[in-house]
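Colleague: Quick one, query_31.cif (mmCIF, C-alpha atoms and all ligand atoms):
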```cif
data_coords
loop_
_atom_site.label_atom_id
_atom_site.label_comp_id
_atom_site.auth_asym_id
_atom_site.auth_seq_id
_atom_site.Cartn_x
_atom_site.Cartn_y
_atom_site.Cartn_z
CA VAL A 1 114.47 90.15 77.60
CA ALA A 2 112.01 92.09 75.44
CA GLU A 3 110.68 95.26 77.03
CA VAL A 4 107.07 95.13 78.20
CA ARG A 5 104.73 97.81 76.88
CA VAL A 6 102.67 99.44 79.60
CA ALA A 7 100.06 102.17 80.06
CA VAL A 8 99.17 104.30 83.06
CA ILE A 9 95.56 105.43 83.45
CA GLY A 10 94.89 108.38 85.78
CA LEU A 11 97.82 110.80 85.99
CA GLY A 12 97.39 112.55 89.32
CA PHE A 13 99.60 112.26 92.40
CA MET A 14 100.22 108.49 92.07
CA GLY A 15 99.76 108.07 88.32
CA ARG A 16 102.54 110.54 87.53
CA ARG A 17 104.87 108.59 89.83
CA TRP A 18 103.90 105.29 88.22
CA ALA A 19 104.38 106.78 84.76
CA ARG A 20 107.86 107.96 85.66
CA ALA A 21 108.88 104.72 87.40
CA LEU A 22 107.74 102.62 84.45
CA ALA A 23 109.20 104.97 81.81
CA GLU A 24 112.57 104.83 83.59
CA HIS A 25 112.47 101.04 84.08
CA ALA A 26 115.06 99.28 81.91
CA GLY A 27 112.60 96.49 81.11
CA ALA A 28 109.54 98.57 80.25
CA THR A 29 108.32 101.03 77.66
CA LEU A 30 105.66 103.51 78.71
CA ALA A 31 103.58 103.17 75.54
CA ALA A 32 100.40 105.05 76.49
CA VAL A 33 98.96 107.29 79.18
CA SER A 34 95.38 108.33 79.80
CA ASP A 35 93.53 110.90 81.84
CA VAL A 36 90.16 112.54 81.50
CA ARG A 37 92.12 115.80 81.77
CA GLU A 38 93.44 115.73 78.21
CA ASP A 39 96.08 118.43 78.74
CA VAL A 40 97.59 116.42 81.61
CA ALA A 41 97.67 113.26 79.47
CA ARG A 42 99.33 115.17 76.62
CA ASP A 43 101.99 116.66 78.95
CA VAL A 44 102.94 113.31 80.46
CA ALA A 45 102.87 111.58 77.06
CA GLU A 46 105.20 114.17 75.59
CA ARG A 47 107.66 113.90 78.46
CA TYR A 48 108.10 110.14 78.01
CA GLY A 49 107.40 109.63 74.30
CA ALA A 50 104.11 107.81 74.97
CA ILE A 51 100.80 108.35 73.23
CA ALA A 52 97.98 110.16 75.03
CA ILE A 53 94.51 108.63 75.08
CA ALA A 54 91.63 110.67 76.45
CA GLU A 55 89.20 107.80 76.96
CA PRO A 56 90.37 105.54 79.85
CA LEU A 57 88.35 102.50 78.72
CA GLU A 58 89.91 102.73 75.27
CA ALA A 59 93.39 102.82 76.81
CA ALA A 60 92.57 99.80 79.00
CA VAL A 61 91.83 97.47 76.10
CA ARG A 62 94.56 98.33 73.59
CA PRO A 63 95.91 95.10 72.14
CA ASP A 64 99.49 96.43 71.95
CA LEU A 65 99.84 96.62 75.74
CA ASP A 66 101.35 94.01 78.07
CA GLY A 67 100.28 95.73 81.30
CA VAL A 68 98.09 98.57 82.59
CA ALA A 69 98.55 100.56 85.80
CA ILE A 70 95.27 102.02 87.08
CA CYS A 71 95.67 105.16 89.18
CA THR A 72 92.23 106.76 88.86
CA PRO A 73 90.41 108.04 91.98
CA GLU A 74 89.45 105.34 94.50
CA HIS A 75 85.83 104.90 93.37
CA LEU A 76 86.74 104.76 89.65
CA HIS A 77 88.97 101.67 89.47
CA THR A 78 86.40 98.99 88.68
CA ASP A 79 85.31 99.58 85.08
CA VAL A 80 88.86 100.22 83.88
CA ALA A 81 90.23 97.18 85.74
CA LEU A 82 87.49 94.87 84.43
CA ALA A 83 88.03 96.12 80.86
CA ALA A 84 91.77 95.40 81.01
CA ILE A 85 91.19 91.99 82.63
CA ASP A 86 88.63 91.10 79.93
CA ALA A 87 91.27 92.05 77.34
CA GLY A 88 93.62 89.57 79.05
CA THR A 89 96.09 92.27 80.15
CA PRO A 90 97.79 92.13 83.58
CA VAL A 91 96.90 95.12 85.74
CA MET A 92 98.20 97.04 88.71
CA VAL A 93 95.31 98.67 90.56
CA GLU A 94 96.14 101.34 93.12
CA LYS A 95 94.75 100.79 96.61
CA PRO A 96 91.95 100.51 97.60
CA LEU A 97 91.17 97.82 94.97
CA ALA A 98 87.65 99.29 94.82
CA HIS A 99 85.28 101.37 96.92
CA THR A 100 82.79 98.55 97.64
CA VAL A 101 83.16 94.89 98.57
CA ALA A 102 81.01 93.89 95.59
CA ASP A 103 83.26 95.74 93.12
CA ALA A 104 86.47 94.45 94.70
CA GLU A 105 85.23 90.87 94.65
CA GLN A 106 84.05 91.24 91.06
CA ILE A 107 87.58 92.27 90.04
CA ARG A 108 89.03 89.38 92.09
CA ASP A 109 86.64 86.81 90.60
CA ARG A 110 86.92 88.04 87.01
CA ALA A 111 90.71 87.96 87.18
CA ALA A 112 90.65 84.42 88.58
CA ARG A 113 88.24 83.22 85.90
CA ARG A 114 90.28 84.77 83.09
CA GLY A 115 93.64 83.81 84.59
CA VAL A 116 94.87 87.42 84.50
CA ALA A 117 97.41 88.66 87.06
CA VAL A 118 96.30 91.55 89.28
CA LEU A 119 98.71 93.43 91.54
CA VAL A 120 97.06 95.72 94.09
CA GLY A 121 99.20 98.77 94.83
CA HIS A 122 99.61 98.39 98.58
CA VAL A 123 102.94 100.16 98.40
CA LEU A 124 103.96 99.44 101.99
CA ARG A 125 104.60 95.82 101.02
CA PHE A 126 107.43 97.27 98.90
CA ASP A 127 108.86 99.54 101.59
CA PRO A 128 112.02 97.68 102.72
CA ARG A 129 111.18 98.26 106.39
CA TYR A 130 107.69 96.75 106.23
CA ALA A 131 108.92 93.96 103.94
CA ALA A 132 111.66 93.13 106.47
CA MET A 133 109.01 92.76 109.21
CA HIS A 134 107.11 90.28 107.03
CA ARG A 135 110.25 88.28 106.33
CA ALA A 136 111.23 88.25 110.00
CA ILE A 137 107.80 86.95 111.03
CA GLY A 138 107.99 84.27 108.33
CA ASP A 139 111.45 83.26 109.57
CA GLY A 140 110.09 82.83 113.11
CA GLU A 141 112.22 85.63 114.56
CA ILE A 142 109.53 86.80 117.01
CA GLY A 143 107.50 83.63 117.36
CA LYS A 144 103.72 83.48 117.12
CA VAL A 145 102.19 86.95 116.64
CA GLN A 146 100.18 88.00 119.68
CA ALA A 147 99.33 91.63 118.95
CA VAL A 148 99.73 94.43 116.40
CA ARG A 149 99.56 98.20 116.79
CA SER A 150 99.57 100.61 113.87
CA GLU A 151 98.93 104.24 113.14
CA ARG A 152 98.81 106.40 110.04
CA ILE A 153 97.78 110.00 110.57
CA GLY A 154 98.04 112.42 107.69
CA LEU A 155 97.39 116.11 107.25
CA VAL A 156 94.26 118.19 106.69
CA SER A 157 95.92 119.12 103.39
CA ASP A 158 95.39 115.53 102.15
CA GLN A 159 92.01 116.94 101.12
CA ASP A 160 93.74 119.22 98.58
CA VAL A 161 93.86 116.07 96.44
CA LEU A 162 90.94 114.12 97.91
CA GLY A 163 88.32 116.82 98.45
CA GLY A 164 86.33 114.50 100.73
CA ARG A 165 85.86 111.88 97.98
CA THR A 166 86.82 108.85 100.09
CA SER A 167 86.80 107.66 103.71
CA LEU A 168 89.56 107.15 106.25
CA ALA A 169 88.97 103.40 106.33
CA LEU A 170 89.18 103.06 102.55
CA TYR A 171 92.06 105.51 102.05
CA TYR A 172 94.50 105.05 104.95
CA GLY A 173 92.81 102.10 106.66
CA VAL A 174 93.37 99.68 103.78
CA HIS A 175 97.15 100.21 104.03
CA GLU A 176 97.09 99.18 107.69
CA PHE A 177 94.53 96.38 107.31
CA ASP A 178 96.54 94.87 104.46
CA LEU A 179 99.67 94.91 106.64
CA CYS A 180 97.66 93.47 109.55
CA ARG A 181 96.68 90.50 107.36
CA TRP A 182 100.22 90.19 105.97
CA TYR A 183 101.68 89.98 109.47
CA ALA A 184 98.97 88.35 111.56
CA GLY A 185 96.54 86.58 109.20
CA ASP A 186 92.85 87.08 108.58
CA VAL A 187 90.80 89.53 110.61
CA ALA A 188 87.73 88.06 112.31
CA ALA A 189 86.09 91.18 113.76
CA VAL A 190 86.53 94.93 114.22
CA TRP A 191 85.20 97.68 116.48
CA THR A 192 85.87 101.43 116.46
CA ALA A 193 85.95 104.77 118.22
CA ARG A 194 86.16 108.02 116.25
CA SER A 195 86.35 111.82 116.38
CA THR A 196 84.96 114.44 114.05
CA GLY A 197 85.03 118.22 113.77
CA VAL A 198 88.31 119.39 112.25
CA LEU A 199 87.63 118.14 108.72
CA GLU A 200 83.98 119.18 108.96
CA ARG A 201 85.08 122.72 109.83
CA HIS A 202 87.17 122.64 106.63
CA GLY A 203 84.05 121.64 104.69
CA PHE A 204 84.67 117.90 104.30
CA PRO A 205 82.02 115.50 105.67
CA VAL A 206 84.52 112.89 106.92
CA ASP A 207 85.87 111.69 110.27
CA ASP A 208 89.08 113.20 111.65
CA ILE A 209 90.52 110.12 113.26
CA VAL A 210 89.33 106.56 113.83
CA SER A 211 90.76 103.96 116.18
CA VAL A 212 90.03 100.41 115.10
CA GLY A 213 90.19 97.37 117.36
CA LEU A 214 90.94 94.12 115.56
CA ARG A 215 90.57 90.46 116.47
CA PHE A 216 92.33 87.97 114.20
CA THR A 217 91.21 84.42 113.45
CA THR A 218 94.44 83.19 115.11
CA GLY A 219 93.49 84.77 118.44
CA ALA A 220 95.91 87.66 117.91
CA HIS A 221 94.49 91.16 118.47
CA GLY A 222 95.46 94.78 117.97
CA THR A 223 94.65 98.35 117.02
CA SER A 224 95.01 100.65 114.02
CA THR A 225 94.53 104.39 114.38
CA VAL A 226 94.06 106.27 111.12
CA GLY A 227 93.46 109.97 110.65
CA TRP A 228 94.05 112.97 108.40
CA CYS A 229 93.61 115.84 110.84
CA LEU A 230 97.15 117.08 111.51
CA PRO A 231 97.83 120.74 110.77
CA PRO A 232 99.58 121.87 107.59
CA GLY A 233 103.32 121.94 108.09
CA THR A 234 103.44 118.79 110.23
CA PRO A 235 106.80 117.37 109.14
CA GLY A 236 107.21 113.96 107.51
CA TYR A 237 103.74 114.09 105.87
CA GLY A 238 102.26 113.08 109.24
CA VAL A 239 103.08 110.15 111.47
CA ALA A 240 102.89 106.43 110.86
CA GLY A 241 104.23 103.26 112.35
CA PHE A 242 103.65 99.59 112.91
CA THR A 243 104.50 97.37 115.87
CA VAL A 244 104.14 93.59 115.93
CA ILE A 245 104.52 91.74 119.24
CA GLY A 246 105.35 88.05 119.09
CA GLU A 247 105.71 85.43 121.79
CA HIS A 248 109.45 86.04 122.00
CA GLY A 249 110.19 89.33 120.27
CA LEU A 250 108.93 92.44 118.60
CA LEU A 251 109.23 94.33 115.33
CA ARG A 252 108.60 98.02 114.84
CA VAL A 253 108.67 100.54 112.01
CA ALA A 254 108.55 104.19 113.15
CA GLN A 255 107.84 106.16 110.02
CA GLY A 256 107.74 109.70 111.40
CA ASP A 257 111.47 110.34 111.51
CA VAL A 258 112.78 109.70 108.00
CA GLY A 259 116.41 110.07 109.03
CA LEU A 260 116.92 113.34 107.16
CA LEU A 261 116.63 116.81 108.71
CA ALA A 262 116.24 119.61 106.18
CA VAL A 263 115.70 123.20 107.29
CA GLY A 264 115.36 126.11 104.88
CA ALA A 265 114.75 129.82 105.42
CA ASP A 266 111.04 129.08 106.10
CA GLY A 267 111.65 126.17 108.46
CA LEU A 268 111.37 122.43 107.96
CA VAL A 269 111.45 121.11 104.39
CA ASP A 270 109.98 117.69 103.55
CA HIS A 271 111.91 115.37 101.28
CA ASP A 272 110.48 112.01 100.22
CA VAL A 273 113.35 109.63 100.90
CA TYR A 274 111.31 106.40 100.99
CA TYR A 275 108.44 106.28 98.49
CA SER A 276 109.53 108.03 95.31
CA PRO A 277 112.94 109.56 96.06
CA GLU A 278 115.05 110.79 93.18
CA VAL A 279 118.60 109.44 93.14
CA ASN A 280 120.97 110.35 90.28
CA GLY A 281 118.03 111.76 88.36
CA LEU A 282 115.92 108.58 88.54
CA LEU A 283 112.95 107.60 90.71
CA TYR A 284 113.56 104.75 93.16
CA GLY A 285 112.12 103.93 96.61
CA ALA A 286 109.13 101.74 97.37
CA ILE A 287 107.30 102.87 94.23
CA GLY A 288 110.34 102.02 92.12
CA ILE A 289 110.52 98.56 93.73
CA GLU A 290 106.77 98.14 93.24
CA ALA A 291 107.02 99.13 89.55
CA ASP A 292 109.87 96.64 89.10
CA HIS A 293 107.70 93.95 90.71
CA PHE A 294 104.84 94.82 88.33
CA VAL A 295 107.18 94.42 85.32
CA ARG A 296 108.17 90.95 86.63
CA VAL A 297 104.50 90.07 87.15
CA ILE A 298 103.76 91.10 83.56
CA ARG A 299 106.63 88.93 82.32
CA GLY A 300 105.15 86.02 84.27
CA GLU A 301 108.29 85.64 86.39
CA VAL A 302 106.55 86.09 89.74
CA GLU A 303 103.07 86.01 91.26
CA PRO A 304 101.83 89.38 92.57
CA VAL A 305 102.97 89.98 96.14
CA CYS A 306 99.58 91.60 96.79
CA THR A 307 96.81 89.85 94.83
CA ALA A 308 93.26 90.88 93.98
CA ALA A 309 92.15 88.55 96.79
CA ASP A 310 94.40 90.48 99.21
CA GLY A 311 93.08 93.80 97.89
CA ALA A 312 89.47 92.63 98.23
CA ALA A 313 90.14 91.40 101.79
CA ALA A 314 91.47 94.83 102.79
CA VAL A 315 88.37 96.50 101.30
CA ARG A 316 86.14 94.06 103.21
CA ILE A 317 87.82 95.02 106.50
CA ALA A 318 87.52 98.74 105.68
CA VAL A 319 83.81 98.41 104.94
CA ALA A 320 83.32 96.44 108.17
CA VAL A 321 85.11 99.25 110.03
CA GLU A 322 82.67 101.79 108.58
CA GLU A 323 79.74 99.63 109.62
CA ALA A 324 81.20 99.20 113.11
CA ALA A 325 81.57 102.98 113.39
CA ARG A 326 77.97 103.54 112.27
CA ARG A 327 76.51 100.91 114.60
CA GLY A 328 78.84 101.58 117.52
CA GLU A 329 79.44 97.86 118.02
CA GLU A 330 81.75 95.04 117.03
CA VAL A 331 81.23 93.75 113.48
CA ALA A 332 82.32 90.39 112.07
CA VAL A 333 84.44 90.71 108.91
N1 LIG B 401 99.98 103.84 97.44
C1 LIG B 401 99.94 105.05 97.98
O1 LIG B 401 100.71 105.38 98.87
C2 LIG B 401 98.94 106.03 97.47
C3 LIG B 401 99.10 107.40 97.75
C4 LIG B 401 98.15 108.28 97.22
C5 LIG B 401 97.10 107.79 96.48
N2 LIG B 401 96.99 106.45 96.25
C6 LIG B 401 95.86 105.89 95.46
O2 LIG B 401 96.10 106.17 94.08
C7 LIG B 401 94.85 106.42 93.41
C8 LIG B 401 94.89 107.79 92.78
O3 LIG B 401 95.03 108.76 93.79
P1 LIG B 401 95.75 110.15 93.53
O4 LIG B 401 96.18 110.66 94.85
O5 LIG B 401 96.75 109.99 92.45
O6 LIG B 401 94.52 110.99 93.02
P2 LIG B 401 94.53 112.25 92.03
O7 LIG B 401 93.21 112.88 92.19
O8 LIG B 401 95.77 113.05 92.26
O9 LIG B 401 94.65 111.60 90.58
C9 LIG B 401 93.58 110.97 89.93
C10 LIG B 401 93.74 111.23 88.43
O10 LIG B 401 92.77 110.46 87.72
C11 LIG B 401 92.16 111.33 86.76
N3 LIG B 401 90.84 110.78 86.51
C12 LIG B 401 89.67 111.04 87.14
N4 LIG B 401 88.68 110.26 86.66
C13 LIG B 401 89.26 109.51 85.72
C14 LIG B 401 88.78 108.51 84.86
N5 LIG B 401 87.48 108.12 84.89
N6 LIG B 401 89.63 107.93 84.00
C15 LIG B 401 90.94 108.31 83.97
N7 LIG B 401 91.46 109.24 84.77
C16 LIG B 401 90.62 109.84 85.62
C17 LIG B 401 92.16 112.70 87.35
O11 LIG B 401 92.08 113.70 86.35
C18 LIG B 401 93.52 112.71 88.06
O12 LIG B 401 94.55 113.12 87.19
C19 LIG B 401 93.78 106.27 94.49
O13 LIG B 401 93.26 104.97 94.46
C20 LIG B 401 94.53 106.55 95.77
O14 LIG B 401 93.94 105.99 96.93
C21 LIG B 401 97.89 105.59 96.72
#
```
Could you quickly redo this structure as structure tokens?

Modeller:
Amino acid sequence: VAEVRVAVIGLGFMGRRWARALAEHAGATLAAVSDVREDVARDVAERYGAIAIAEPLEAAVRPDLDGVAICTPEHLHTDVALAAIDAGTPVMVEKPLAHTVADAEQIRDRAARRGVAVLVGHVLRFDPRYAAMHRAIGDGEIGKVQAVRSERIGLVSDQDVLGGRTSLALYYGVHEFDLCRWYAGDVAAVWTARSTGVLERHGFPVDDIVSVGLRFTTGAHGTSTVGWCLPPGTPGYGVAGFTVIGEHGLLRVAQGDVGLLAVGADGLVDHDVYYSPEVNGLLYGAIGIEADHFVRVIRGEVEPVCTAADGAAAVRIAVAVEEAARRGEEVAV
């Protein structure tokens, strides 16, 4: 099979991982990388033998590319995604698909009209534990889903990267809301309770932690609690987990304990053993599996596991959550 030629646009925390995963993939060539920080683009390009392009929109429309991975900040996905879609090139867009419902649905609709594949980077769908829960539900192992409970609570130091640029619902919430839909179907309505203070004291005008109540169109119900207020040094990059209760069983991922204890002279040491772990000098884990899936999507072998419609649906729930928090009442999705 001929190697697919791909580009990565936005080379921060996620983009550098995508660049590495695609460069190391046996079926892909990392042909180009782009970042508004030209020195970063040059560094990454040199490491993998790609070309560096300063202007993201120029990188998005190059005719010699078979796929483009978009890893720019949350609110800067839309123009780059639309440009690549208009050029007929399959794209991977990091979550959240966009920062507004209108933008997300524009990407969804444009891709449908042009017949271009869009994979939305909801990486948890590629984490073997969360994927196993989906398979088990599909196989009827727990019967009809009655309730879900999820949590994802990160650290104050998340803002070292984010600097207050996005919201809890759009950053962590979309992960959970996408899984909620994957496991229990469409969400009909949401309501919330929230706390503030810790992040504000650090200078970021965002909530600390939000609990979201969800009602699904099937009659199932549940909660998602998302936050980013844990102190620096909390092991395991925070805590996360997902429980699904069915009529005759349950499924649960507990993400806090990664199954590896590492202690150095200064105490606990975090190792990523699930998302982008290095094994024998190569990057694997959920991001490796996700990158492999993207290569197969580009080749036309499979449909995206998480489509633009899925990505837009998660954004719609997140925006409804923000409205519910503002109004202090239940909001239909
Ligand atoms: N799937 C996950 O688990 C996961 C984890 C973290 C972040 N993300 C998502 O990945 C995306 C990127 O987040 P990040 O943490 O890598 O952020 P980041 O700030 O580390 O990286 C963003 C990069 O984009 C560059 N950039 C800024 N504006 C640009 C533009 N207009 N064109 C091209 N490049 C531009 C910046 O210079 C930076 O290098 C976000 O959508 C984020 O929510 C996903």

Colleague: Find the residues near A:His293: any atom within 10 Å, counting all atoms listed in the file, skip ones fewer than 4 places away on the same chain, and give them as number ranges by chain.

Modeller: A: 119, 126, 287-289, 297-299, 301-305

Colleague: Enumerate, as a PyMOL selection string, the protein, DNA and RNA residues whose atoms approach (87.4, 109.1, 78.6) to within 12 Å, taking into account all atoms listed in the file and the coordinate frame of the file.

Modeller: chain A and resi 9-10+33-38+41+52-60+72+76+79-80

Colleague: Between A:Gly236, A:Pro73, A:Gly67, A:Gly140, which one has atoms that come closest to ligand LIG 401 (chain B), using all atoms listed in the file?

Modeller: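 Among the listed residues, the smallest separation from ligand LIG 401 (chain B) belongs to A:Pro73.
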
Colleague: Counting only C-alpha atoms, what is within 10 Å of A:Ala26, bar same-chain residues fewer than 6 positions away, as a ChimeraX atom specification?

Modeller: /A:3-4,292,295

Colleague: My list of candidates is A:Val279, A:Val331, A:Val174, A:Ala7. Which is closest to A:Thr192 when distances are computed with only C-alpha atoms?

Modeller: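 Closest candidate: A:Val331.
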
Colleague: Give me, as a list in words, all polymer residues having an atom no more than 7 Å from A:Gly163, counting all atoms listed in the file and skipping those fewer than 3 positions away in the same chain.

Modeller: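 Here the answer would be Gln159, Asp160 and Phe204 of chain A.
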
Colleague: Could you give me the axis-aligned bounding box of ligand LIG 401 (chain B), with 3 Å of padding per side, as centre plus edge lengths in Å to one decimal, as lines of an AutoDock Vina configuration file?

Modeller:
```
center_x = 94.1
center_y = 108.8
center_z = 91.4
size_x = 19.2
size_y = 15.9
size_z = 20.9
```

Colleague: May I have the residues within 9 Å of A:Ala312 as a PyMOL selection string, using only C-alpha atoms and disregarding those fewer than 4 positions away in the same chain?

Modeller: chain A and resi 96-98+100-105+107-108+307-308+316-317

Colleague: Here is a test: counting all atoms listed in the file, which residue of A:Asp86, A:Asp270, A:Glu278, A:Glu176 is nearest to ligand LIG 401 (chain B)?

Modeller: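 Among the listed residues, A:Glu176 lies closest to ligand LIG 401 (chain B).
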
Colleague: Quick one: residues within 10 Å of A:Gly213, only C-alpha atoms, excluding same-chain residues fewer than 6 positions away - as a list in words?

Modeller: Arg149, Ala189, Val190, Trp191, Thr192, Ala193, His221, Gly222, Thr223, Ser224, Thr225, Val321 and Glu330 of chain A
